[in-house]
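Next up, upload-v3.txt (compact mmCIF, C-alpha atoms):
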# COMPACT_ATOMS: atom_id res chain seq x y z
CA MET A 1 0.00 0.00 0.00
CA ARG A 2 1.38 3.35 -1.01
CA ILE A 3 0.90 6.44 1.20
CA PRO A 4 0.27 9.72 -0.65
CA ALA A 5 3.15 12.20 -0.41
CA PHE A 6 1.14 14.82 1.52
CA ALA A 7 0.04 12.19 4.10
CA ALA A 8 3.61 10.96 4.53
CA ALA A 9 4.80 14.54 5.05
CA LEU A 10 2.04 15.09 7.62
CA LEU A 11 2.96 11.92 9.49
CA LEU A 12 6.64 12.77 9.50
CA SER A 13 6.07 16.33 10.70
CA ALA A 14 3.53 15.43 13.41
CA PRO A 15 6.12 14.38 16.02
CA ALA A 16 8.08 17.59 15.47
CA VAL A 17 4.97 19.67 16.16
CA ALA A 18 3.92 17.50 19.10
CA ASN A 19 7.42 17.76 20.62
CA SER A 20 7.68 21.50 20.09
CA ILE A 21 8.19 22.95 23.56
CA THR A 22 9.53 26.04 25.23
CA GLU A 23 12.93 25.06 26.56
CA PRO A 24 13.31 25.61 30.33
CA ALA A 25 16.74 27.16 29.66
CA ALA A 26 15.03 29.85 27.53
CA ILE A 27 12.74 30.64 30.46
CA ASP A 28 15.76 30.89 32.80
CA GLN A 29 17.43 33.27 30.34
CA ALA A 30 14.31 35.47 30.07
CA ILE A 31 14.11 35.72 33.87
CA ALA A 32 17.82 36.57 34.14
CA GLN A 33 17.44 39.33 31.52
CA PHE A 34 14.35 40.69 33.30
CA THR A 35 15.83 40.70 36.83
CA GLY A 36 19.43 41.43 35.84
CA HIS A 37 20.61 38.50 38.01
CA ALA A 38 21.58 34.94 37.09
CA VAL A 39 19.93 31.87 38.56
CA GLY A 40 21.05 31.39 42.17
CA GLN A 41 22.26 34.97 42.64
CA VAL A 42 20.57 37.37 45.04
CA GLY A 43 17.68 38.85 43.09
CA GLY A 44 17.69 36.03 40.51
CA ALA A 45 15.63 32.86 40.32
CA ARG A 46 16.18 30.59 43.34
CA GLN A 47 16.85 27.64 41.07
CA PRO A 48 16.64 26.78 37.37
CA VAL A 49 13.25 25.94 35.90
CA ASP A 50 12.70 22.18 36.13
CA ALA A 51 14.15 20.58 32.98
CA ARG A 52 11.30 18.03 32.98
CA LEU A 53 8.77 20.79 32.34
CA ARG A 54 7.07 20.48 28.92
CA LEU A 55 5.34 23.77 28.11
CA ALA A 56 3.92 24.37 24.64
CA ALA A 57 6.18 26.31 22.30
CA CYS A 58 5.69 30.06 22.44
CA VAL A 59 5.76 31.72 19.03
CA GLN A 60 5.95 35.18 20.63
CA PRO A 61 8.56 36.51 23.06
CA LEU A 62 7.83 35.42 26.63
CA ALA A 63 5.96 37.97 28.77
CA VAL A 64 7.85 38.47 32.04
CA GLU A 65 6.60 40.68 34.87
CA TRP A 66 6.82 41.09 38.64
CA TYR A 67 4.26 39.22 40.69
CA GLY A 68 3.35 40.34 44.20
CA PRO A 69 3.97 43.56 46.10
CA ALA A 70 7.36 42.42 47.47
CA GLN A 71 8.68 41.70 43.94
CA ASN A 72 10.03 38.34 45.12
CA THR A 73 8.32 36.34 42.38
CA VAL A 74 8.36 36.66 38.60
CA LEU A 75 5.42 35.68 36.38
CA VAL A 76 6.47 34.21 33.02
CA ARG A 77 3.71 33.56 30.52
CA CYS A 78 3.04 32.79 26.91
CA PRO A 79 -0.14 34.64 25.86
CA VAL A 80 -0.51 32.59 22.65
CA ALA A 81 -0.06 29.12 24.17
CA GLY A 82 -1.97 30.11 27.32
CA TRP A 83 0.48 28.88 29.95
CA ARG A 84 1.98 30.79 32.87
CA LEU A 85 4.70 30.01 35.37
CA PHE A 86 5.45 31.64 38.74
CA VAL A 87 9.18 31.65 39.57
CA PRO A 88 10.33 32.59 43.10
CA LEU A 89 13.43 34.73 43.44
CA SER A 90 16.25 34.15 45.92
CA ALA A 91 15.63 37.56 47.48
CA PRO A 92 13.60 40.65 46.66
CA ALA A 93 14.97 42.24 43.49
CA GLN A 94 15.30 45.55 45.29
CA ALA A 95 17.64 44.95 48.23
CA ALA A 96 16.70 48.28 49.79
CA THR A 97 12.94 47.71 49.84
CA PRO A 98 11.40 50.56 51.83
CA ALA A 99 9.55 49.73 55.03
CA ARG A 100 5.87 49.06 54.51
CA THR A 101 3.97 52.33 54.57
CA GLU A 102 0.47 52.92 55.81
CA PRO A 103 -2.23 51.37 53.62
CA ALA A 104 -3.95 53.79 51.26
CA VAL A 105 -6.89 51.38 50.87
CA LEU A 106 -8.31 48.95 53.42
CA ARG A 107 -10.06 45.58 53.13
CA GLY A 108 -13.80 45.99 52.59
CA GLU A 109 -13.48 49.55 51.30
CA THR A 110 -15.19 50.54 48.05
CA VAL A 111 -12.77 52.01 45.50
CA THR A 112 -12.81 53.07 41.87
CA VAL A 113 -10.97 50.76 39.47
CA ALA A 114 -9.59 52.60 36.44
CA LEU A 115 -8.69 50.47 33.41
CA ARG A 116 -6.72 52.19 30.67
CA GLY A 117 -5.53 50.92 27.35
CA ARG A 118 -4.77 52.05 23.86
CA GLY A 119 -7.83 54.05 22.84
CA PHE A 120 -10.05 53.37 25.85
CA ALA A 121 -10.55 54.11 29.55
CA LEU A 122 -13.07 52.45 31.87
CA GLN A 123 -13.99 53.00 35.50
CA ARG A 124 -15.96 50.79 37.84
CA GLN A 125 -16.56 50.40 41.56
CA ALA A 126 -14.98 47.46 43.39
CA GLU A 127 -14.47 46.05 46.87
CA VAL A 128 -10.93 45.88 48.26
CA LEU A 129 -10.01 42.31 49.28
CA GLU A 130 -6.65 43.16 50.89
CA PRO A 131 -5.10 46.39 52.19
CA GLY A 132 -2.38 48.10 50.20
CA ALA A 133 -0.13 51.14 50.14
CA VAL A 134 0.31 53.40 47.10
CA GLY A 135 2.15 51.50 44.37
CA GLU A 136 1.33 48.02 45.67
CA TRP A 137 -0.69 45.44 43.75
CA ILE A 138 -3.80 44.24 45.56
CA ARG A 139 -6.85 42.09 44.85
CA VAL A 140 -10.23 43.74 44.30
CA ARG A 141 -13.63 42.34 43.33
CA SER A 142 -15.94 44.20 40.98
CA GLY A 143 -19.46 42.84 41.08
CA GLY A 144 -21.08 40.35 43.43
CA ARG A 145 -19.49 37.77 45.72
CA ASP A 146 -19.28 35.30 42.81
CA ALA A 147 -17.15 37.63 40.65
CA GLN A 148 -13.50 36.71 40.06
CA PRO A 149 -10.99 38.96 41.88
CA LEU A 150 -8.78 41.29 39.83
CA ARG A 151 -5.28 42.53 40.60
CA ALA A 152 -4.86 46.29 40.49
CA ARG A 153 -2.21 48.77 41.60
CA VAL A 154 -3.08 51.30 44.31
CA ILE A 155 -2.84 54.77 42.75
CA ARG A 156 -4.09 56.82 45.70
CA PRO A 157 -6.68 56.41 48.46
CA GLY A 158 -9.97 55.40 46.85
CA LEU A 159 -8.43 54.70 43.40
CA VAL A 160 -6.76 51.59 42.00
CA GLY A 161 -5.99 50.83 38.39
CA MET A 162 -4.23 48.88 35.70
CA GLU A 163 -2.88 49.49 32.24
CA MET A 164 -4.12 47.19 29.48
CA PRO A 165 -2.09 46.42 26.35

The structure given in the file should be rewritten as structure tokens.
Amino acid sequence: MRIPAFAAALLLSAPAVANSITEPAAIDQAIAQFTGHAVGQVGGARQPVDARLRLAACVQPLAVEWYGPAQNTVLVRCPVAGWRLFVPLSAPAQAATPARTEPAVLRGETVTVALRGRGFALQRQAEVLEPGAVGEWIRVRSGGRDAQPLRARVIRPGLVGMEMP
């Protein structure tokens, strides 16, 4: 039995597509570039990303950002493939982190959430789920008790917000 050429090509290329992953070393490199510190150094990732990890290949550059108010974790994600990875750092990236200041918003308080992006701006009321000082990221809930919490940065008392791409 003879297999048509296009079917043979499809069969031969299927394993390459199925095995297409984002290499853990590439994730380590992205984190090191973002933090400015190598794996194991103060301010860098505590340890390399597990080499056994098999995350779908990311056709776009990895999105790397701080996670948490203490900046002691980095969030690495691939928007196209839909995966995300939280990587703890060996120490806060800013060695001279200022002492925690008084909260500008308190748990249970109603605040305005301002969402801004290219060509739009939205505002909505939300409930604060955790206290936070100006500049810190906190969780808020807009809507009823069943609504999913959002993360927003405290701008000033009574106002939190986030920038959208």

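Among the candidate residues A:Glu127, A:Glu163, A:Glu136, A:Glu23, the one lying nearest to Glu102 of chain A is A:Glu136, with distances computed using all atoms listed in the file.
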
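Our summary of the geometry notes that atom CA of Ile31 of chain A is positioned 27.9 Å from atom CA of Glu130 of chain A.
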
I'd like a table as a Markdown table: residues in segment 61-151 of chain A with an atom no more than 10 Å from segment 51-55 of chain A, each row giving the shortest atom pair and its distance in Å to one decimal, all atoms listed in the file counted, sorted by chain and rising residue number.
| residue | atom | partner | partner_atom | distance |
| --- | --- | --- | --- | --- |
| A:Cys78 | CA | A:Leu55 | CA | 9.4 |
| A:Ala81 | CA | A:Leu55 | CA | 8.6 |
| A:Gly82 | CA | A:Leu55 | CA | 9.7 |
| A:Trp83 | CA | A:Leu55 | CA | 7.3 |
| A:Arg84 | CA | A:Leu55 | CA | 9.1 |
| A:Leu85 | CA | A:Leu55 | CA | 9.6 |

Practice problem: For a cut-off of 10 Å around (14.1, 32.2, 39.3), file coordinates, pick out all residues using only C-alpha atoms and list them as number ranges by chain. | Solution: A: 27-32, 35, 37-41, 43-49, 72-75, 86-91

Residues just named, written with C-alpha atoms as a PDB file, in the frame of the given file:
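File written: again-v8.pdb
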ATOM      1  CA  ILE A  27      12.740  30.640  30.460  1.00  0.00           C
ATOM      2  CA  ASP A  28      15.760  30.890  32.800  1.00  0.00           C
ATOM      3  CA  GLN A  29      17.430  33.270  30.340  1.00  0.00           C
ATOM      4  CA  ALA A  30      14.310  35.470  30.070  1.00  0.00           C
ATOM      5  CA  ILE A  31      14.110  35.720  33.870  1.00  0.00           C
ATOM      6  CA  ALA A  32      17.820  36.570  34.140  1.00  0.00           C
ATOM      7  CA  THR A  35      15.830  40.700  36.830  1.00  0.00           C
ATOM      8  CA  HIS A  37      20.610  38.500  38.010  1.00  0.00           C
ATOM      9  CA  ALA A  38      21.580  34.940  37.090  1.00  0.00           C
ATOM     10  CA  VAL A  39      19.930  31.870  38.560  1.00  0.00           C
ATOM     11  CA  GLY A  40      21.050  31.390  42.170  1.00  0.00           C
ATOM     12  CA  GLN A  41      22.260  34.970  42.640  1.00  0.00           C
ATOM     13  CA  GLY A  43      17.680  38.850  43.090  1.00  0.00           C
ATOM     14  CA  GLY A  44      17.690  36.030  40.510  1.00  0.00           C
ATOM     15  CA  ALA A  45      15.630  32.860  40.320  1.00  0.00           C
ATOM     16  CA  ARG A  46      16.180  30.590  43.340  1.00  0.00           C
ATOM     17  CA  GLN A  47      16.850  27.640  41.070  1.00  0.00           C
ATOM     18  CA  PRO A  48      16.640  26.780  37.370  1.00  0.00           C
ATOM     19  CA  VAL A  49      13.250  25.940  35.900  1.00  0.00           C
ATOM     20  CA  ASN A  72      10.030  38.340  45.120  1.00  0.00           C
ATOM     21  CA  THR A  73       8.320  36.340  42.380  1.00  0.00           C
ATOM     22  CA  VAL A  74       8.360  36.660  38.600  1.00  0.00           C
ATOM     23  CA  LEU A  75       5.420  35.680  36.380  1.00  0.00           C
ATOM     24  CA  PHE A  86       5.450  31.640  38.740  1.00  0.00           C
ATOM     25  CA  VAL A  87       9.180  31.650  39.570  1.00  0.00           C
ATOM     26  CA  PRO A  88      10.330  32.590  43.100  1.00  0.00           C
ATOM     27  CA  LEU A  89      13.430  34.730  43.440  1.00  0.00           C
ATOM     28  CA  SER A  90      16.250  34.150  45.920  1.00  0.00           C
ATOM     29  CA  ALA A  91      15.630  37.560  47.480  1.00  0.00           C
TER      30      ALA A  91
END

Q. Suppose you want the space between atom CA of Leu129 of chain A and atom CA of Glu109 of chain A; what is it in Å?
A.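 Taking atom CA of Leu129 of chain A as the start and atom CA of Glu109 of chain A as the end point, the length is 8.3 Å.
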
| request: Compute the distance from (-17.7, 48.8, 37.4) to each atom, counting all atoms listed in the file, keep the residues with any atom at most 12 Å away, and return them as JSON, numbers by chain; use the coordinates of the file. | output: {"A": [110, 111, 112, 113, 114, 115, 121, 122, 123, 124, 125, 126, 127, 140, 141, 142, 143, 144, 147, 150, 161]}

Please list as a ChimeraX atom specification every residue within 8 Å of Arg151 of chain A, counting all atoms listed in the file and excluding residues in the same chain fewer than 3 positions away.
/A:137-140

Which of these residues is nearest to Val59 of chain A, using only C-alpha atoms: A:Thr22, A:Thr101, A:Gln71, A:Gln33?
->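 The shortest atom-to-atom distance to Val59 of chain A comes from A:Thr22.
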
Students should find that atom CA of Phe120 of chain A and atom CA of Met164 of chain A are spaced 9.3 Å
